[in-house]
Structures are given as C-alpha cells and as structure tokens.
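> Right, I'll just put the structure down here and ask away after.
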Amino acid sequence: MARSSEFGSAVTHEEEYDYIVLGAGTAGTVVASRLSEDPGVRVALVEAGGPHTDPIYSTPALWPLQQVTGSDWNYDTEPEPGLKDRRLGLSRGKVLGGSSSMNGMIFLRGAREDYDSWRSLGLPGWGYDDVLPTLRAMESSSRGEDALHGADGPIAVAETSRPHPVASAWVDAAVAAGHPRNDDFNGASQRGAGYFPLSLAGARRVSSATAYLDPARNRANLDVLTHTQALRVVIEHGRAVGAEVEHLGVVRTLRARREVVVSGGAYNSPQLLMLSGIGHGDHLRSLGIEVVADLPVGDDLQDHSGVGLYWYSNTPGVDEGSALGEAGGFFTALDESGPPDTETMVYPFYNGPGNTWADRLGGSFSVIAQVLRPRSRGTVRLRSPYPTAHPLIRHDHFADPHDRALIIAAVRLNLEIARQAPLREIIAGERLLPASESDDDILDHVRTYGHGIWHPMSGCAMGAVVDERLRVLGVEGLRVADASVAPTEVGANPNATVFLIGERAAQFILEDAEVVAGSRA
C-alpha cells in the first residue's frame, strides 16, 4: 500500500543499520541503549515525539501539564459499556522516555506470583527467581544493596523522606484499621500500607530517557530520530528487513541488517504490527492490508480499573518537587488465599472530575482504589489503514462480575480506613463519594466516575503473538519489547516491569546474535 499520498512525498532514500528500534518509550530506550554499547553495530532509535529536555519532564509535580499536549498521544477509548458509555482519555507519552517521562514515578515490581504465573504459562525464564537478578541490576536503590535490591544500576529509586501530611495520615489510618505497615513494597511481600518507592534522583524525575539514553547519546553508532513516526515494518519473504518512517512529510526506508524491534507500547505496538500485515487476517483484509502473519494481535488488552474517592481537608498543597502519589498500599479485599488483589494510591490534592491546577494548592485529597489483576479484557484494532489515524481502543472496564465485586469491596475497605482517627482528623468534609456503602450506590459511583489507571498491558502477548524471547511468531528478525508482551497485567504499577522487559529483550537479542555468530564461525 502506497504511503506517499498521505504524507505528500515519496520515499527518498534508504539508510542501513544493524538494529532498528521503533519507539523510544520506557522499553525501547533501554533496548537501544544496551545494543549500542557494542561499538561494532549501528542502531537507530525512532521516536514520534520530541526531546525530553524541557523542565516539564524533569519536575515531578508538572506531569499533569503534559496531558492533552503535543507530547501526549491523546488517545481515547470507544464508549465503555460498564462506565455508562463514557469515552475515557488515555494519556501516553509522546516524547523520549515515553510514559516514563510523564507518569507518577511510582516504581514497583510485580508480585512474585505475577512473574511465576508467566512461567507457568509455558514461558521459561520469566519466573520471579529468573527475573530478580535483572530487577536488582536495574536499580540504584536508596536502601543500598541487599538480596532484593541493587545499588549500582541506571535507575535511581528513592524512598520518600518527607511525606506529605496526607500521606502520613493515610498510612497511619490504614494501620489503625488493622492493616500491616509495609516499609518495602519491593521486598518480600507487597501486603500492607506504606510509602511508595519512586524513580527520583534528588527532586528530579528518572525516566528511561535520563537513565539510559542520556548516557548513550554521544555514541557515534546510535542515531536518535525524533519527530519521526514509524509507518510500517518492511517484511520481505517472511523476514523483517527494515521500517518505513516519516519525518516532516518525507518518507524514508530504514534497512535492518539484523533485527527490527517494535517498542510502541500497549496501544501503538499492536497498531504498527497490524499496519505491517501482522494480526487477525479478516480484520486486516477488511482494510486492504496484505496478511503476512495471522496472529491475535490486539487481543486481551488489560488495564488496572479503578475509581476515586475524594475529601476536603485542612492540609497544604504540593510543591514542585513532590511526586504526588507518595503513599498507598496493597490489600486483599476478596480472596485471602492469594496475593493482594487491590491497590490504593493516595494523592494530596483533588484529581477527580473537573480538577484544575488550582486543586494542587491544597484543601482536598484523593484516594484511588483499583483492581490489580482484572478479568475484563479489551482490544486494539485499526480504525483505518493510515498510520496517523488513532487506533480503536476498547478496554471494557468492569465487564467481568469479579472486577465489579472487587472494586465494591475495595471502595468499602478505603472508606473504613478514612474513618480511622489519623485520617478523620484532617478531613474537612466529603467532596465526591458514593451516596452510601450499598452495593448499588458504590457501583453507581464506579460507573459514573470509574476509569482505567493508564497501566495498559498485553495486546502482543507472549505465547500468542511473540515467544518467550519476544520474537514475533512466524516472522524472522522481528521482536516486540514493551508492555504489550505481558500475557497478564502485573499486580502493581507496571513501569518497573516494562523496564525489565526492555532489559530482557536486549539480553535475548545479544545472546541470539552470539549464537548466530558462533554458527558462522
């Protein structure tokens, strides 16, 4: 399919690299940085957004100002049946570092059970004991080095040293309600209430761009192509040999001698694979796209589903150095036999419907309850065969009865915490809560104000679209490395897991390259 008519220019020339990484988000930046450590290879890192040098990306409290701007993909869901057919905004980072440049910086691993469940799905090498060495090596923890934490990695991980009064009151209230205090959510157990570890260095955000790309930018063998959108992967005779990209209206073909790595994230990677002929055959043919590999691309999309509870308070606002979501906890609301099934995030300002920047001046706080391992599933599909068209995204939040029962129980759990003296003493009134604690009123609150937590995963899942080494099934020389390869949502904020996926992808690529080199020797 010709792309020149859309962009007003024909393909002008070709450039050749060993590796092409499409997407400079959390995982893609890690992959490009690691591959370019070998001066004998040439690496291209393609990013639709721009650089991350503006203070809006480095100042933690300014992340909301990135939303609905040129550094945001500005996606929306289709009408959500479980949420009164509301369309939900989906902010995703369109900048070097991707969403790690605009998220809340909460740096949490999944639970041991999450990674072990991946291994049990027939994905060797993804169990907790398998990935722990990489998780340790990634971080430079303020805790120092021990059996579970690293001290020399590229990602600075800091514990909260000056928690906001709302954060302290909430943690104390959760303990008063009978929940354990947890001093290390990345330790032996997630369960309990405490302060989140944050990807912070001093009072500045740590993203994949600052941790991995900045140290690599002066390498002569790494080309970082910003404001350049990937249009499709070029596949010839069953092998990925490059990519078509567009910059300022000019379409270029980048050729890959070794591999192409798709790292667009849970929405953009399925879209790009489908544009390249990889996906459900009937869907692709209906849009005039030649089918290269008939795979369930875009299926099983997952996100943490949640809802906010909001109170007026007699506490101050946040300063520019605050990471905002400092406190929270992991609790079991329904099934005591497994790991925690719900997470709470606490913000010392109002971030509910109709919020403004003035809400960060104080006088309110927010408690976000969420379903950790949703059973509801969504899809990503193409809206049209043109790369600039937003994909069709359906999350179908709270479609599964289990998710509805869990969010009702999670809301009640958090209302009980709010009744405890440490938190009750700072509450000045109700701002936006369910009409009562009945199932019907809580569920109506969820349907009216519920939302995703912007933690999308899956869509190019291991075992369905890629193998355990992230190679696309049926296509040589092509991998996917980002949140979309997760077969199931992890029971925590996923950013650390996406860093892990980037590190593992680079390891796999380098190991496989050694095997190929050895076979040629």
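In the structure tokens, chains take the letters A, B, ... in the order shown, each chain's residues start at 1, and ligands count up from 1 in the order shown.
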What are the closest atom pairs, with distances in Å to one decimal, for each residue of segment 441-463 of chain A lying within 8 Å of segment 298-311 of chain A, using only C-alpha atoms, rows by chain and rising residue number, as JSON lines?

{"residue": "A:Val446", "atom": "CA", "partner": "A:Val307", "partner_atom": "CA", "distance": 5.9}
{"residue": "A:Tyr449", "atom": "CA", "partner": "A:Val307", "partner_atom": "CA", "distance": 6.3}
{"residue": "A:Gly450", "atom": "CA", "partner": "A:Val307", "partner_atom": "CA", "distance": 4.3}
{"residue": "A:His451", "atom": "CA", "partner": "A:Gly306", "partner_atom": "CA", "distance": 5.6}
{"residue": "A:Gly452", "atom": "CA", "partner": "A:Ser305", "partner_atom": "CA", "distance": 4.5}
{"residue": "A:Ile453", "atom": "CA", "partner": "A:His304", "partner_atom": "CA", "distance": 5.5}
{"residue": "A:Trp454", "atom": "CA", "partner": "A:Asp303", "partner_atom": "CA", "distance": 6.8}
{"residue": "A:His455", "atom": "CA", "partner": "A:Asp303", "partner_atom": "CA", "distance": 5.2}
{"residue": "A:Pro456", "atom": "CA", "partner": "A:Asp303", "partner_atom": "CA", "distance": 4.5}
{"residue": "A:Met457", "atom": "CA", "partner": "A:Gln302", "partner_atom": "CA", "distance": 5.4}
{"residue": "A:Ser458", "atom": "CA", "partner": "A:Leu301", "partner_atom": "CA", "distance": 5.2}
{"residue": "A:Gly459", "atom": "CA", "partner": "A:Gly298", "partner_atom": "CA", "distance": 4.1}
{"residue": "A:Cys460", "atom": "CA", "partner": "A:Gly298", "partner_atom": "CA", "distance": 6.3}
> Tell me, in Å to one decimal, how far atom CA of Trp63 of chain A is from atom CA of Pro163 of chain A.
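According to the coordinates, atom CA of Trp63 of chain A and atom CA of Pro163 of chain A are separated by 18.8 Å.
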> What does the structure give for the distance between atom CA of Ile155 of chain A and atom CA of Gly264 of chain A, in Å to one decimal?
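Computed distance, atom CA of Ile155 of chain A to atom CA of Gly264 of chain A, equals 20.9 Å.
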> What's around segment 224-236 of chain A at 9 Å? Count only C-alpha atoms, leave out sequence neighbours fewer than 4 positions away in its own chain, and write the answer as a PDB file with N, CA and C atoms, in the first residue's frame.

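As a result, around_31.pdb now contains:
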ATOM      1  N   ARG A   3       2.218   4.865   0.705  1.00  0.00           N
ATOM      2  CA  ARG A   3       2.064   5.801   1.804  1.00  0.00           C
ATOM      3  C   ARG A   3       2.361   7.233   1.366  1.00  0.00           C
ATOM      4  N   LEU A  22      11.806   0.775  17.080  1.00  0.00           N
ATOM      5  CA  LEU A  22      10.700   1.660  16.741  1.00  0.00           C
ATOM      6  C   LEU A  22       9.932   2.029  18.001  1.00  0.00           C
ATOM      7  N   GLY A  23      10.234   3.197  18.540  1.00  0.00           N
ATOM      8  CA  GLY A  23       9.615   3.673  19.764  1.00  0.00           C
ATOM      9  C   GLY A  23      10.649   3.875  20.848  1.00  0.00           C
ATOM     10  N   ALA A  24      10.797   5.129  21.305  1.00  0.00           N
ATOM     11  CA  ALA A  24      11.782   5.448  22.349  1.00  0.00           C
ATOM     12  C   ALA A  24      11.098   5.647  23.685  1.00  0.00           C
ATOM     13  N   VAL A  43      22.828   1.425  15.449  1.00  0.00           N
ATOM     14  CA  VAL A  43      21.471   1.331  15.984  1.00  0.00           C
ATOM     15  C   VAL A  43      20.704   2.608  15.663  1.00  0.00           C
ATOM     16  N   ALA A  44      19.468   2.447  15.206  1.00  0.00           N
ATOM     17  CA  ALA A  44      18.557   3.571  15.019  1.00  0.00           C
ATOM     18  C   ALA A  44      17.431   3.468  16.038  1.00  0.00           C
ATOM     19  N   LEU A  45      17.151   4.569  16.723  1.00  0.00           N
ATOM     20  CA  LEU A  45      16.043   4.649  17.675  1.00  0.00           C
ATOM     21  C   LEU A  45      15.064   5.683  17.138  1.00  0.00           C
ATOM     22  N   VAL A  46      13.865   5.237  16.800  1.00  0.00           N
ATOM     23  CA  VAL A  46      12.874   6.072  16.123  1.00  0.00           C
ATOM     24  C   VAL A  46      11.804   6.487  17.116  1.00  0.00           C
ATOM     25  N   GLU A  47      11.527   7.790  17.208  1.00  0.00           N
ATOM     26  CA  GLU A  47      10.549   8.307  18.166  1.00  0.00           C
ATOM     27  C   GLU A  47       9.656   9.359  17.492  1.00  0.00           C
ATOM     28  N   ALA A  48       8.336   9.172  17.613  1.00  0.00           N
ATOM     29  CA  ALA A  48       7.391  10.120  17.017  1.00  0.00           C
ATOM     30  C   ALA A  48       7.385  11.458  17.734  1.00  0.00           C
ATOM     31  N   GLY A  49       7.728  11.468  19.017  1.00  0.00           N
ATOM     32  CA  GLY A  49       7.752  12.701  19.788  1.00  0.00           C
ATOM     33  C   GLY A  49       9.100  13.382  19.748  1.00  0.00           C
ATOM     34  N   GLY A  50       9.247  14.365  20.635  1.00  0.00           N
ATOM     35  CA  GLY A  50      10.469  15.152  20.660  1.00  0.00           C
ATOM     36  C   GLY A  50      11.340  14.849  21.853  1.00  0.00           C
ATOM     37  N   PRO A  51      12.321  15.712  22.108  1.00  0.00           N
ATOM     38  CA  PRO A  51      13.247  15.507  23.226  1.00  0.00           C
ATOM     39  C   PRO A  51      12.589  15.726  24.581  1.00  0.00           C
ATOM     40  N   VAL A  95       7.215  11.321  23.603  1.00  0.00           N
ATOM     41  CA  VAL A  95       8.433  12.051  23.926  1.00  0.00           C
ATOM     42  C   VAL A  95       9.501  11.008  24.225  1.00  0.00           C
ATOM     43  N   LEU A  96      10.755  11.381  24.127  1.00  0.00           N
ATOM     44  CA  LEU A  96      11.801  10.441  24.526  1.00  0.00           C
ATOM     45  C   LEU A  96      11.570  10.008  25.974  1.00  0.00           C
ATOM     46  N   ARG A 217      23.946   9.091  24.454  1.00  0.00           N
ATOM     47  CA  ARG A 217      23.689   9.989  23.325  1.00  0.00           C
ATOM     48  C   ARG A 217      24.937  10.342  22.526  1.00  0.00           C
ATOM     49  N   ALA A 240      11.599  -9.524   8.685  1.00  0.00           N
ATOM     50  CA  ALA A 240      11.617  -8.073   8.836  1.00  0.00           C
ATOM     51  C   ALA A 240      12.991  -7.561   8.414  1.00  0.00           C
ATOM     52  N   VAL A 241      12.988  -6.658   7.440  1.00  0.00           N
ATOM     53  CA  VAL A 241      14.249  -6.156   6.905  1.00  0.00           C
ATOM     54  C   VAL A 241      14.394  -4.646   7.085  1.00  0.00           C
ATOM     55  N   GLY A 242      13.409  -4.004   7.723  1.00  0.00           N
ATOM     56  CA  GLY A 242      13.522  -2.568   7.931  1.00  0.00           C
ATOM     57  C   GLY A 242      12.193  -1.958   8.309  1.00  0.00           C
ATOM     58  N   ALA A 243      12.107  -0.646   8.142  1.00  0.00           N
ATOM     59  CA  ALA A 243      10.889   0.074   8.507  1.00  0.00           C
ATOM     60  C   ALA A 243      10.744   1.314   7.643  1.00  0.00           C
ATOM     61  N   GLU A 244       9.502   1.623   7.306  1.00  0.00           N
ATOM     62  CA  GLU A 244       9.196   2.911   6.686  1.00  0.00           C
ATOM     63  C   GLU A 244       8.853   3.894   7.798  1.00  0.00           C
ATOM     64  N   VAL A 245       9.471   5.072   7.737  1.00  0.00           N
ATOM     65  CA  VAL A 245       9.228   6.106   8.734  1.00  0.00           C
ATOM     66  C   VAL A 245       8.998   7.427   8.025  1.00  0.00           C
ATOM     67  N   GLU A 246       8.358   8.362   8.730  1.00  0.00           N
ATOM     68  CA  GLU A 246       8.059   9.674   8.149  1.00  0.00           C
ATOM     69  C   GLU A 246       8.571  10.776   9.056  1.00  0.00           C
ATOM     70  N   HIS A 247       9.273  11.733   8.468  1.00  0.00           N
ATOM     71  CA  HIS A 247       9.781  12.892   9.194  1.00  0.00           C
ATOM     72  C   HIS A 247       9.536  14.138   8.350  1.00  0.00           C
ATOM     73  N   LEU A 248       8.748  15.044   8.913  1.00  0.00           N
ATOM     74  CA  LEU A 248       8.451  16.318   8.241  1.00  0.00           C
ATOM     75  C   LEU A 248       7.928  16.109   6.819  1.00  0.00           C
ATOM     76  N   VAL A 251       8.996  10.458   3.603  1.00  0.00           N
ATOM     77  CA  VAL A 251       9.016   9.047   3.968  1.00  0.00           C
ATOM     78  C   VAL A 251      10.374   8.459   3.627  1.00  0.00           C
ATOM     79  N   THR A 253      13.022   4.899   4.153  1.00  0.00           N
ATOM     80  CA  THR A 253      13.122   3.478   4.478  1.00  0.00           C
ATOM     81  C   THR A 253      14.434   3.233   5.210  1.00  0.00           C
ATOM     82  N   LEU A 254      14.323   2.701   6.413  1.00  0.00           N
ATOM     83  CA  LEU A 254      15.496   2.292   7.183  1.00  0.00           C
ATOM     84  C   LEU A 254      15.636   0.785   7.035  1.00  0.00           C
ATOM     85  N   ARG A 255      16.794   0.323   6.650  1.00  0.00           N
ATOM     86  CA  ARG A 255      17.025  -1.110   6.469  1.00  0.00           C
ATOM     87  C   ARG A 255      17.743  -1.673   7.687  1.00  0.00           C
ATOM     88  N   VAL A 260      14.595  -5.879  13.690  1.00  0.00           N
ATOM     89  CA  VAL A 260      13.719  -4.737  13.973  1.00  0.00           C
ATOM     90  C   VAL A 260      13.023  -5.025  15.296  1.00  0.00           C
ATOM     91  N   VAL A 262       9.996  -3.617  17.745  1.00  0.00           N
ATOM     92  CA  VAL A 262       8.831  -2.745  17.885  1.00  0.00           C
ATOM     93  C   VAL A 262       8.620  -2.464  19.370  1.00  0.00           C
ATOM     94  N   LEU A 272       1.022  -0.899  14.977  1.00  0.00           N
ATOM     95  CA  LEU A 272       2.088  -0.966  13.986  1.00  0.00           C
ATOM     96  C   LEU A 272       2.213  -2.366  13.396  1.00  0.00           C
ATOM     97  N   LEU A 273       2.060  -3.398  14.213  1.00  0.00           N
ATOM     98  CA  LEU A 273       2.102  -4.750  13.671  1.00  0.00           C
ATOM     99  C   LEU A 273       0.978  -4.966  12.668  1.00  0.00           C
ATOM    100  N   MET A 274      -0.223  -4.496  13.003  1.00  0.00           N
ATOM    101  CA  MET A 274      -1.345  -4.665  12.080  1.00  0.00           C
ATOM    102  C   MET A 274      -1.124  -3.890  10.784  1.00  0.00           C
ATOM    103  N   LEU A 275      -0.602  -2.685  10.881  1.00  0.00           N
ATOM    104  CA  LEU A 275      -0.288  -1.908   9.678  1.00  0.00           C
ATOM    105  C   LEU A 275       0.741  -2.623   8.812  1.00  0.00           C
ATOM    106  N   SER A 276       1.529  -3.495   9.438  1.00  0.00           N
ATOM    107  CA  SER A 276       2.585  -4.229   8.735  1.00  0.00           C
ATOM    108  C   SER A 276       2.123  -5.590   8.249  1.00  0.00           C
ATOM    109  N   GLY A 277       0.836  -5.908   8.433  1.00  0.00           N
ATOM    110  CA  GLY A 277       0.297  -7.167   7.949  1.00  0.00           C
ATOM    111  C   GLY A 277       0.298  -8.293   8.955  1.00  0.00           C
ATOM    112  N   VAL A 292       0.513 -10.921   6.408  1.00  0.00           N
ATOM    113  CA  VAL A 292       1.820 -11.568   6.494  1.00  0.00           C
ATOM    114  C   VAL A 292       1.790 -12.705   7.515  1.00  0.00           C
ATOM    115  N   TYR A 386      -4.312   3.939   7.643  1.00  0.00           N
ATOM    116  CA  TYR A 386      -3.349   5.026   7.668  1.00  0.00           C
ATOM    117  C   TYR A 386      -2.720   5.151   9.053  1.00  0.00           C
ATOM    118  N   PRO A 387      -1.403   5.237   9.123  1.00  0.00           N
ATOM    119  CA  PRO A 387      -0.706   5.230  10.412  1.00  0.00           C
ATOM    120  C   PRO A 387      -1.053   6.394  11.317  1.00  0.00           C
ATOM    121  N   THR A 388      -1.468   7.524  10.761  1.00  0.00           N
ATOM    122  CA  THR A 388      -1.752   8.680  11.603  1.00  0.00           C
ATOM    123  C   THR A 388      -3.113   8.603  12.268  1.00  0.00           C
ATOM    124  N   VAL A 475       7.504 -14.670  11.881  1.00  0.00           N
ATOM    125  CA  VAL A 475       8.236 -13.624  11.163  1.00  0.00           C
ATOM    126  C   VAL A 475       9.660 -13.587  11.722  1.00  0.00           C
ATOM    127  N   GLU A 476      10.638 -13.718  10.889  1.00  0.00           N
ATOM    128  CA  GLU A 476      12.023 -13.680  11.348  1.00  0.00           C
ATOM    129  C   GLU A 476      12.497 -12.241  11.493  1.00  0.00           C
ATOM    130  N   LEU A 478      12.174 -10.052  13.847  1.00  0.00           N
ATOM    131  CA  LEU A 478      11.244  -9.066  14.403  1.00  0.00           C
ATOM    132  C   LEU A 478      10.881  -9.442  15.834  1.00  0.00           C
TER     133      LEU A 478
END
> Name all residues at most 12 Å from segment 169-174 of chain A (count only C-alpha atoms; drop same-chain ones fewer than 6 positions away) and give them as a count of residues only.
44
> At what distance in Å, to one decimal, does atom CA of Gly463 of chain A lie from atom CA of Gly122 of chain A?
7.6 Å
> Using only C-alpha atoms for the distances, tell me which of A:Thr379, A:Ser36, A:Gln67, A:Ser101 is nearest to Ala209 of chain A.
A:Ser101
> Using only C-alpha atoms, can you tell me which of A:Val41, A:Val206, A:Ala369, A:Leu222 comes closest to Ala496 of chain A?
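Checking each of A:Val41, A:Val206, A:Ala369, A:Leu222 against Ala496 of chain A, counting only C-alpha atoms, the winner is A:Val206.
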> Mind checking DSSP for segment 242-272 of chain A and telling me the alpha helix (DSSP H) residues as an mmCIF file with N, CA, C and O atoms, in the first residue's frame?

data_model
loop_
_atom_site.group_PDB
_atom_site.id
_atom_site.type_symbol
_atom_site.label_atom_id
_atom_site.label_comp_id
_atom_site.auth_asym_id
_atom_site.auth_seq_id
_atom_site.Cartn_x
_atom_site.Cartn_y
_atom_site.Cartn_z
ATOM 1 N N GLY A 265 4.504 0.361 22.763
ATOM 2 C CA GLY A 265 3.597 0.321 23.902
ATOM 3 C C GLY A 265 2.350 -0.478 23.615
ATOM 4 O O GLY A 265 2.144 -0.998 22.516
ATOM 5 N N ALA A 266 1.488 -0.580 24.608
ATOM 6 C CA ALA A 266 0.334 -1.485 24.550
ATOM 7 C C ALA A 266 -0.699 -1.085 23.504
ATOM 8 O O ALA A 266 -1.530 -1.906 23.120
ATOM 9 N N TYR A 267 -0.681 0.160 23.058
ATOM 10 C CA TYR A 267 -1.598 0.590 22.004
ATOM 11 C C TYR A 267 -0.893 0.670 20.650
ATOM 12 O O TYR A 267 -1.406 0.195 19.637
ATOM 13 N N ASN A 268 0.279 1.276 20.613
ATOM 14 C CA ASN A 268 0.936 1.537 19.340
ATOM 15 C C ASN A 268 1.625 0.323 18.741
ATOM 16 O O ASN A 268 1.732 0.217 17.519
ATOM 17 N N SER A 269 2.108 -0.587 19.570
ATOM 18 C CA SER A 269 2.738 -1.778 19.002
ATOM 19 C C SER A 269 1.735 -2.669 18.280
ATOM 20 O O SER A 269 1.997 -3.105 17.151
ATOM 21 N N PRO A 270 0.559 -2.968 18.878
ATOM 22 C CA PRO A 270 -0.434 -3.701 18.095
ATOM 23 C C PRO A 270 -0.811 -2.976 16.804
ATOM 24 O O PRO A 270 -0.953 -3.603 15.750
ATOM 25 N N GLN A 271 -0.960 -1.652 16.881
ATOM 26 C CA GLN A 271 -1.311 -0.885 15.688
ATOM 27 C C GLN A 271 -0.249 -1.041 14.600
ATOM 28 O O GLN A 271 -0.568 -1.298 13.427
ATOM 29 N N LEU A 272 1.022 -0.899 14.977
ATOM 30 C CA LEU A 272 2.088 -0.966 13.986
ATOM 31 C C LEU A 272 2.213 -2.366 13.396
ATOM 32 O O LEU A 272 2.439 -2.521 12.181
#
> Could you list, as number ranges by chain, every residue within 12 Å of Ala147 of chain A, counting only C-alpha atoms and ignoring same-chain residues fewer than 2 positions away?
A: 129, 132-133, 135-137, 143-145, 149-151, 186-188
> For the strand (DSSP E or B) assignment from backbone DSSP, which residues of segment 344-461 of chain A qualify? Please present them as a count of residues only.
30
> Could you give me, as a PyMOL selection string, the residues within 12 Å of His390 of chain A, counting only C-alpha atoms and dropping anything in the same chain fewer than 5 positions from it?
chain A and resi 73-78+90+267-268+270-272+380-385
> Which residues are near Asp214 of chain A? Cut-off 10 Å, only C-alpha atoms, ignore same chain within fewer than 4 positions. Put them as a short mmCIF file (atom, residue, chain, number, x, y, z; two decimals) with N, CA and C atoms, in the first residue's frame.

data_model
loop_
_atom_site.label_atom_id
_atom_site.label_comp_id
_atom_site.auth_asym_id
_atom_site.auth_seq_id
_atom_site.Cartn_x
_atom_site.Cartn_y
_atom_site.Cartn_z
N THR A 29 13.89 2.58 24.69
CA THR A 29 15.10 3.32 25.01
C THR A 29 16.13 2.42 25.69
N SER A 33 19.79 1.58 24.02
CA SER A 33 20.97 1.88 24.80
C SER A 33 21.85 0.66 24.98
N HIS A 52 13.30 15.33 25.62
CA HIS A 52 12.78 15.36 26.99
C HIS A 52 13.47 16.42 27.83
N SER A 208 13.36 6.54 31.44
CA SER A 208 14.28 5.73 30.64
C SER A 208 15.18 6.64 29.80
N ALA A 209 14.68 7.83 29.47
CA ALA A 209 15.50 8.76 28.69
C ALA A 209 16.67 9.29 29.50
N THR A 210 16.43 9.63 30.77
CA THR A 210 17.52 10.15 31.60
C THR A 210 18.45 9.02 32.06
N ASN A 218 26.10 10.28 23.12
CA ASN A 218 27.32 10.65 22.40
C ASN A 218 27.96 9.48 21.65
#
> Check the smallest atom-to-atom distance from each of A:Ala158, A:Ala293, A:Ala167, A:Ala111 to Val472 of chain A using only C-alpha atoms, then report the winner.
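Looking only at the distances to Val472 of chain A, the closest residue turns out to be A:Ala293.
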> Between A:Ala410, A:Ala32, A:Val131, A:Ala492, which one has atoms that come closest to Ile442 of chain A, using only C-alpha atoms?
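Closest to Ile442 of chain A of all the choices is A:Ala410.
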